[in-house]
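Novice: Encoded as structure tokens, here's the structure I'll be asking about.
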Amino acid sequence: MRKLKNIKELEIKAFDMRRDALDIIMAGGGGHIGGDMSEAEILLTLYEKMNVSPETQDSPDRDRFVLSKGHCVETLYAVLSYEGFMNLEEVKAKFSKFGSEYIGHPHNTLPGIEMNSGSLGHGLSVCVGMALAGKMDKKNYRVYTLMGDGELAEGSVWEGAAAAGHYRLDNLCAFVDHNHLQISGNVDEVLSPGNLNMRFEASNWNVININGNEIEEINYALDVAERTKGKPTVIIAETLKGKASPLIENKASWHHKFPSPEEYTKIAADIEAYKEGLING
């Protein structure tokens, strides 16, 4: 994996991406704002470190990423624009418009997107196939996916986890965006995922627990995952749903809610305040 650039600059950029995701949602008339905001640092760090670029996106040796929680695509569009795969203004102009390829879930006709996703529970199993193919073809690429914690209620996640551990896929790394909320409420109350460390460890996974809104911790975990041999790695990332504004933070009602003009102004101002705190801190 590549080494990170200036971490403080990336921390600031994560809030630029949140503002971009907010603007994409406003332009398109809808989106999953809560999960968009919790995943920003994870996606930014991944795309800064993965061995993939607009120039190498078709290379058989590229690293692969699948956004399994594909309903939170707006932040993915933002990071892909930041990394040069897309034009942000084009995304905003076309998002969720009739006939547009910039839809509310990842679409693999777009540059930088490996597969159509958002049908929850599928991303990990597809990534198991990608990682297994890499082993069979004796390739050195790595495969990454990001799942939501509500998504872990899908049985196919655990079938994929069992297969990955069985085949000792040390070229596979999965993130869990553990913000504790889904559309119906708290994940522990809707359908508890139980002890995630124990469940993954039982299937021969290396487990790392981090603060998923801290770039330094994400960076460290990715480096450990790359060094881990003989088993896949899951990074359980504790995050804050809606991290951007007290108006939307840690509130299940903002899983998929369209801001009013007044709410938009408040959220945008709060994002700028977060940024100013980082710049001056």
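We label chains A, B, ... in the order they appear in the structure tokens, count residues from 1 in each chain, and number ligands from 1 in the order shown.
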Write out as a PyMOL selection string each polymer residue whose atoms come within 12 Å of Glu90 in chain A, counting only C-alpha atoms; drop sequence neighbours fewer than 5 positions from it.
Specialist: chain A and resi 24+27-28+77-78+81+85+95-97+100-102
Novice: Would you kindly return, as an MDAnalysis selection string, each protein, DNA or RNA residue with an atom no farther than 10 Å from any atom of Leu240 in chain A, considering only C-alpha atoms and excluding same-chain residues fewer than 2 positions away?
Specialist: chainID A and resid 34:35 37:39 177:181 211:213 237:238 242:244 249:251
Novice: Could those residues be written to a file, using N, CA, C and O atoms, as a short mmCIF file (atom, residue, chain, number, x, y, z; two decimals), in the first residue's frame?
Specialist:
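Result written to selection16.cif:
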```cif
data_model
loop_
_atom_site.label_atom_id
_atom_site.label_comp_id
_atom_site.auth_asym_id
_atom_site.auth_seq_id
_atom_site.Cartn_x
_atom_site.Cartn_y
_atom_site.Cartn_z
N GLY A 34 -26.66 10.01 6.98
CA GLY A 34 -26.04 9.56 8.22
C GLY A 34 -24.83 8.68 8.00
O GLY A 34 -23.74 8.93 8.55
N GLY A 35 -24.98 7.64 7.18
CA GLY A 35 -23.87 6.74 6.89
C GLY A 35 -22.81 7.36 6.01
O GLY A 35 -21.63 6.98 6.08
N MET A 37 -21.71 10.31 6.36
CA MET A 37 -20.85 11.10 7.24
C MET A 37 -19.98 10.22 8.14
O MET A 37 -18.87 10.62 8.51
N SER A 38 -20.46 9.03 8.48
CA SER A 38 -19.66 8.17 9.36
C SER A 38 -18.50 7.50 8.63
O SER A 38 -17.49 7.15 9.24
N GLU A 39 -18.61 7.33 7.31
CA GLU A 39 -17.62 6.55 6.57
C GLU A 39 -16.51 7.39 5.94
O GLU A 39 -15.60 6.83 5.32
N ASP A 177 -18.42 -0.48 9.40
CA ASP A 177 -18.73 0.88 9.85
C ASP A 177 -19.69 0.74 11.04
O ASP A 177 -20.91 0.66 10.86
N HIS A 178 -19.13 0.69 12.23
CA HIS A 178 -19.90 0.35 13.43
C HIS A 178 -20.40 1.63 14.09
O HIS A 178 -19.90 2.06 15.13
N ASN A 179 -21.43 2.22 13.46
CA ASN A 179 -22.00 3.45 14.03
C ASN A 179 -23.22 3.17 14.90
O ASN A 179 -23.82 4.09 15.44
N HIS A 180 -23.60 1.88 15.02
CA HIS A 180 -24.61 1.41 15.96
C HIS A 180 -26.04 1.77 15.60
O HIS A 180 -26.97 1.45 16.35
N LEU A 181 -26.24 2.40 14.43
CA LEU A 181 -27.60 2.78 14.03
C LEU A 181 -27.90 2.30 12.62
O LEU A 181 -27.03 2.29 11.76
N ASN A 211 -10.98 3.47 16.25
CA ASN A 211 -11.87 4.61 16.05
C ASN A 211 -11.89 4.89 14.55
O ASN A 211 -10.89 5.33 13.98
N GLY A 212 -12.99 4.63 13.90
CA GLY A 212 -13.08 4.74 12.45
C GLY A 212 -13.19 6.15 11.93
O GLY A 212 -13.27 6.34 10.70
N ASN A 213 -13.21 7.14 12.81
CA ASN A 213 -13.17 8.53 12.37
C ASN A 213 -11.81 9.17 12.61
O ASN A 213 -11.67 10.39 12.53
N ALA A 237 -14.66 -0.65 12.98
CA ALA A 237 -14.40 0.78 13.10
C ALA A 237 -15.56 1.47 13.82
O ALA A 237 -16.66 1.60 13.27
N GLU A 238 -15.32 1.86 15.05
CA GLU A 238 -16.33 2.61 15.81
C GLU A 238 -16.43 4.01 15.22
O GLU A 238 -15.44 4.76 15.17
N GLY A 242 -23.62 10.29 11.16
CA GLY A 242 -23.94 11.70 10.97
C GLY A 242 -22.84 12.64 11.39
O GLY A 242 -23.09 13.84 11.55
N LYS A 243 -21.60 12.13 11.58
CA LYS A 243 -20.53 12.98 12.09
C LYS A 243 -20.32 14.16 11.15
O LYS A 243 -19.80 14.01 10.04
N ALA A 244 -20.74 15.32 11.59
CA ALA A 244 -20.64 16.56 10.83
C ALA A 244 -21.35 17.69 11.54
O ALA A 244 -20.92 18.83 11.48
N GLU A 249 -26.04 14.07 14.24
CA GLU A 249 -25.16 13.07 14.83
C GLU A 249 -25.91 12.10 15.73
O GLU A 249 -26.70 12.51 16.58
N ASN A 250 -25.61 10.80 15.53
CA ASN A 250 -26.11 9.72 16.39
C ASN A 250 -27.64 9.69 16.44
O ASN A 250 -28.22 9.36 17.48
N LYS A 251 -28.29 9.98 15.30
CA LYS A 251 -29.75 9.98 15.23
C LYS A 251 -30.19 9.09 14.07
O LYS A 251 -29.91 9.38 12.91
#
```
Novice: Residues of range 135-211 of chain A classed as strand (DSSP E or B) by DSSP on the backbone are to be reported as a PyMOL selection string.
Specialist: chain A and resi 143-148+172-178+181-182+185-186+206-211
Novice: Skip Lys231 in chain A itself and residues of its chain fewer than 3 positions away, then list as a list in words all residues within 7 Å of it, counting only C-alpha atoms.
Specialist: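 Close residues of Lys231 in chain A: Gly165, Arg168, Leu169, Asp170, Asn204, Trp205 and Asn206 of chain A.
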Novice: Could the residues in this selection be saved with C-alpha atoms as a PDB file, in the first residue's frame?
Specialist:
```pdb
ATOM      1  CA  GLY A 165     -11.293 -17.810   6.864  1.00  0.00           C
ATOM      2  CA  ARG A 168      -6.952 -18.218   4.568  1.00  0.00           C
ATOM      3  CA  LEU A 169      -7.454 -15.149   2.373  1.00  0.00           C
ATOM      4  CA  ASP A 170      -4.835 -12.837   3.842  1.00  0.00           C
ATOM      5  CA  ASN A 204     -10.265 -17.557  11.453  1.00  0.00           C
ATOM      6  CA  TRP A 205     -10.180 -13.780  11.006  1.00  0.00           C
ATOM      7  CA  ASN A 206      -7.682 -11.329  12.416  1.00  0.00           C
TER       8      ASN A 206
END
```
Novice: Give me, as a PyMOL selection string, the residues of range 28-275 of chain A that a backbone DSSP run labels alpha helix (DSSP H).
Specialist: chain A and resi 28+33-38+40-49+73-82+88-94+123-136+155-166+187-191+196-202+215-227+261-275
Novice: Given the choices A:Glu55, A:Glu83, A:Asp137, A:Glu151, which gets closest to Leu43 in chain A if the distance is worked out from only C-alpha atoms?
Specialist: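 The closest residue to Leu43 in chain A is A:Glu83.
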Novice: Could you check which of A:Val91, A:Ala273, A:Met147, A:Val126 is closest to Asp23 in chain A, using only C-alpha atoms?
Specialist: A:Val91
Novice: Any idea what the distance is between CA of Ile279 in chain A and CA of Asp20 in chain A?
Specialist: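 Atom-to-atom, CA of Ile279 in chain A and CA of Asp20 in chain A are spaced 18.4 Å apart.
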Novice: For Val234 in chain A, please output as an mmCIF file with N, CA, C and O atoms, in the first residue's frame all residues within 9 Å (counting only C-alpha atoms; exclusion window: fewer than 2 positions along the same chain).
Specialist:
```cif
data_model
loop_
_atom_site.group_PDB
_atom_site.id
_atom_site.type_symbol
_atom_site.label_atom_id
_atom_site.label_comp_id
_atom_site.auth_asym_id
_atom_site.auth_seq_id
_atom_site.Cartn_x
_atom_site.Cartn_y
_atom_site.Cartn_z
ATOM 1 N N LEU A 172 -7.415 -10.214 1.811
ATOM 2 C CA LEU A 172 -8.746 -9.638 1.976
ATOM 3 C C LEU A 172 -8.828 -8.879 3.292
ATOM 4 O O LEU A 172 -8.406 -9.375 4.331
ATOM 5 N N CYS A 173 -9.398 -7.677 3.236
ATOM 6 C CA CYS A 173 -9.597 -6.850 4.427
ATOM 7 C C CYS A 173 -10.993 -6.241 4.374
ATOM 8 O O CYS A 173 -11.352 -5.593 3.379
ATOM 9 N N ALA A 174 -11.771 -6.459 5.419
ATOM 10 C CA ALA A 174 -13.126 -5.916 5.492
ATOM 11 C C ALA A 174 -13.222 -4.900 6.619
ATOM 12 O O ALA A 174 -12.649 -5.089 7.695
ATOM 13 N N PHE A 175 -13.926 -3.817 6.352
ATOM 14 C CA PHE A 175 -14.267 -2.836 7.381
ATOM 15 C C PHE A 175 -15.728 -3.021 7.782
ATOM 16 O O PHE A 175 -16.584 -3.296 6.936
ATOM 17 N N VAL A 176 -16.008 -2.821 9.058
ATOM 18 C CA VAL A 176 -17.377 -2.665 9.534
ATOM 19 C C VAL A 176 -17.523 -1.228 10.032
ATOM 20 O O VAL A 176 -16.805 -0.805 10.942
ATOM 21 N N ASN A 197 -16.031 -9.439 17.641
ATOM 22 C CA ASN A 197 -14.686 -9.997 17.710
ATOM 23 C C ASN A 197 -14.739 -11.517 17.740
ATOM 24 O O ASN A 197 -14.043 -12.200 16.966
ATOM 25 N N PHE A 200 -16.056 -13.159 14.310
ATOM 26 C CA PHE A 200 -15.069 -13.208 13.226
ATOM 27 C C PHE A 200 -13.887 -14.113 13.589
ATOM 28 O O PHE A 200 -13.397 -14.865 12.737
ATOM 29 N N TRP A 205 -10.499 -15.143 11.424
ATOM 30 C CA TRP A 205 -10.180 -13.780 11.006
ATOM 31 C C TRP A 205 -9.293 -13.105 12.051
ATOM 32 O O TRP A 205 -9.455 -13.328 13.254
ATOM 33 N N ASN A 206 -8.400 -12.273 11.570
ATOM 34 C CA ASN A 206 -7.682 -11.329 12.416
ATOM 35 C C ASN A 206 -8.593 -10.124 12.642
ATOM 36 O O ASN A 206 -9.136 -9.575 11.680
ATOM 37 N N VAL A 207 -8.783 -9.727 13.895
ATOM 38 C CA VAL A 207 -9.708 -8.645 14.222
ATOM 39 C C VAL A 207 -8.940 -7.460 14.800
ATOM 40 O O VAL A 207 -8.110 -7.615 15.695
ATOM 41 N N ILE A 208 -9.224 -6.274 14.262
ATOM 42 C CA ILE A 208 -8.630 -5.033 14.759
ATOM 43 C C ILE A 208 -9.764 -4.077 15.107
ATOM 44 O O ILE A 208 -10.681 -3.881 14.293
ATOM 45 N N ASN A 209 -9.728 -3.486 16.287
ATOM 46 C CA ASN A 209 -10.737 -2.518 16.710
ATOM 47 C C ASN A 209 -10.124 -1.121 16.733
ATOM 48 O O ASN A 209 -9.063 -0.916 17.325
ATOM 49 N N ALA A 225 -3.066 -5.071 8.721
ATOM 50 C CA ALA A 225 -3.787 -6.040 7.892
ATOM 51 C C ALA A 225 -2.913 -6.543 6.753
ATOM 52 O O ALA A 225 -2.902 -7.743 6.442
ATOM 53 N N PRO A 232 -7.710 -13.602 6.799
ATOM 54 C CA PRO A 232 -8.202 -12.266 6.440
ATOM 55 C C PRO A 232 -8.301 -11.388 7.681
ATOM 56 O O PRO A 232 -8.258 -11.878 8.818
ATOM 57 N N ILE A 236 -12.977 -3.426 12.737
ATOM 58 C CA ILE A 236 -14.243 -2.981 13.310
ATOM 59 C C ILE A 236 -14.049 -1.529 13.735
ATOM 60 O O ILE A 236 -13.338 -1.240 14.702
#
```
Novice: Excluding Ile7 in chain A and its own-chain neighbours fewer than 2 positions away, which residues fall within 10 Å of it when counting only C-alpha atoms? Please give them as a list of chain:residue names.
Specialist: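 Within the cut-off, the hits are A:Leu4, A:Lys5, A:Glu9, A:Leu10, A:Glu11, A:Ile12, A:Lys13, A:Thr45, A:Glu214, A:Ile215, A:Glu216, A:Asn219.
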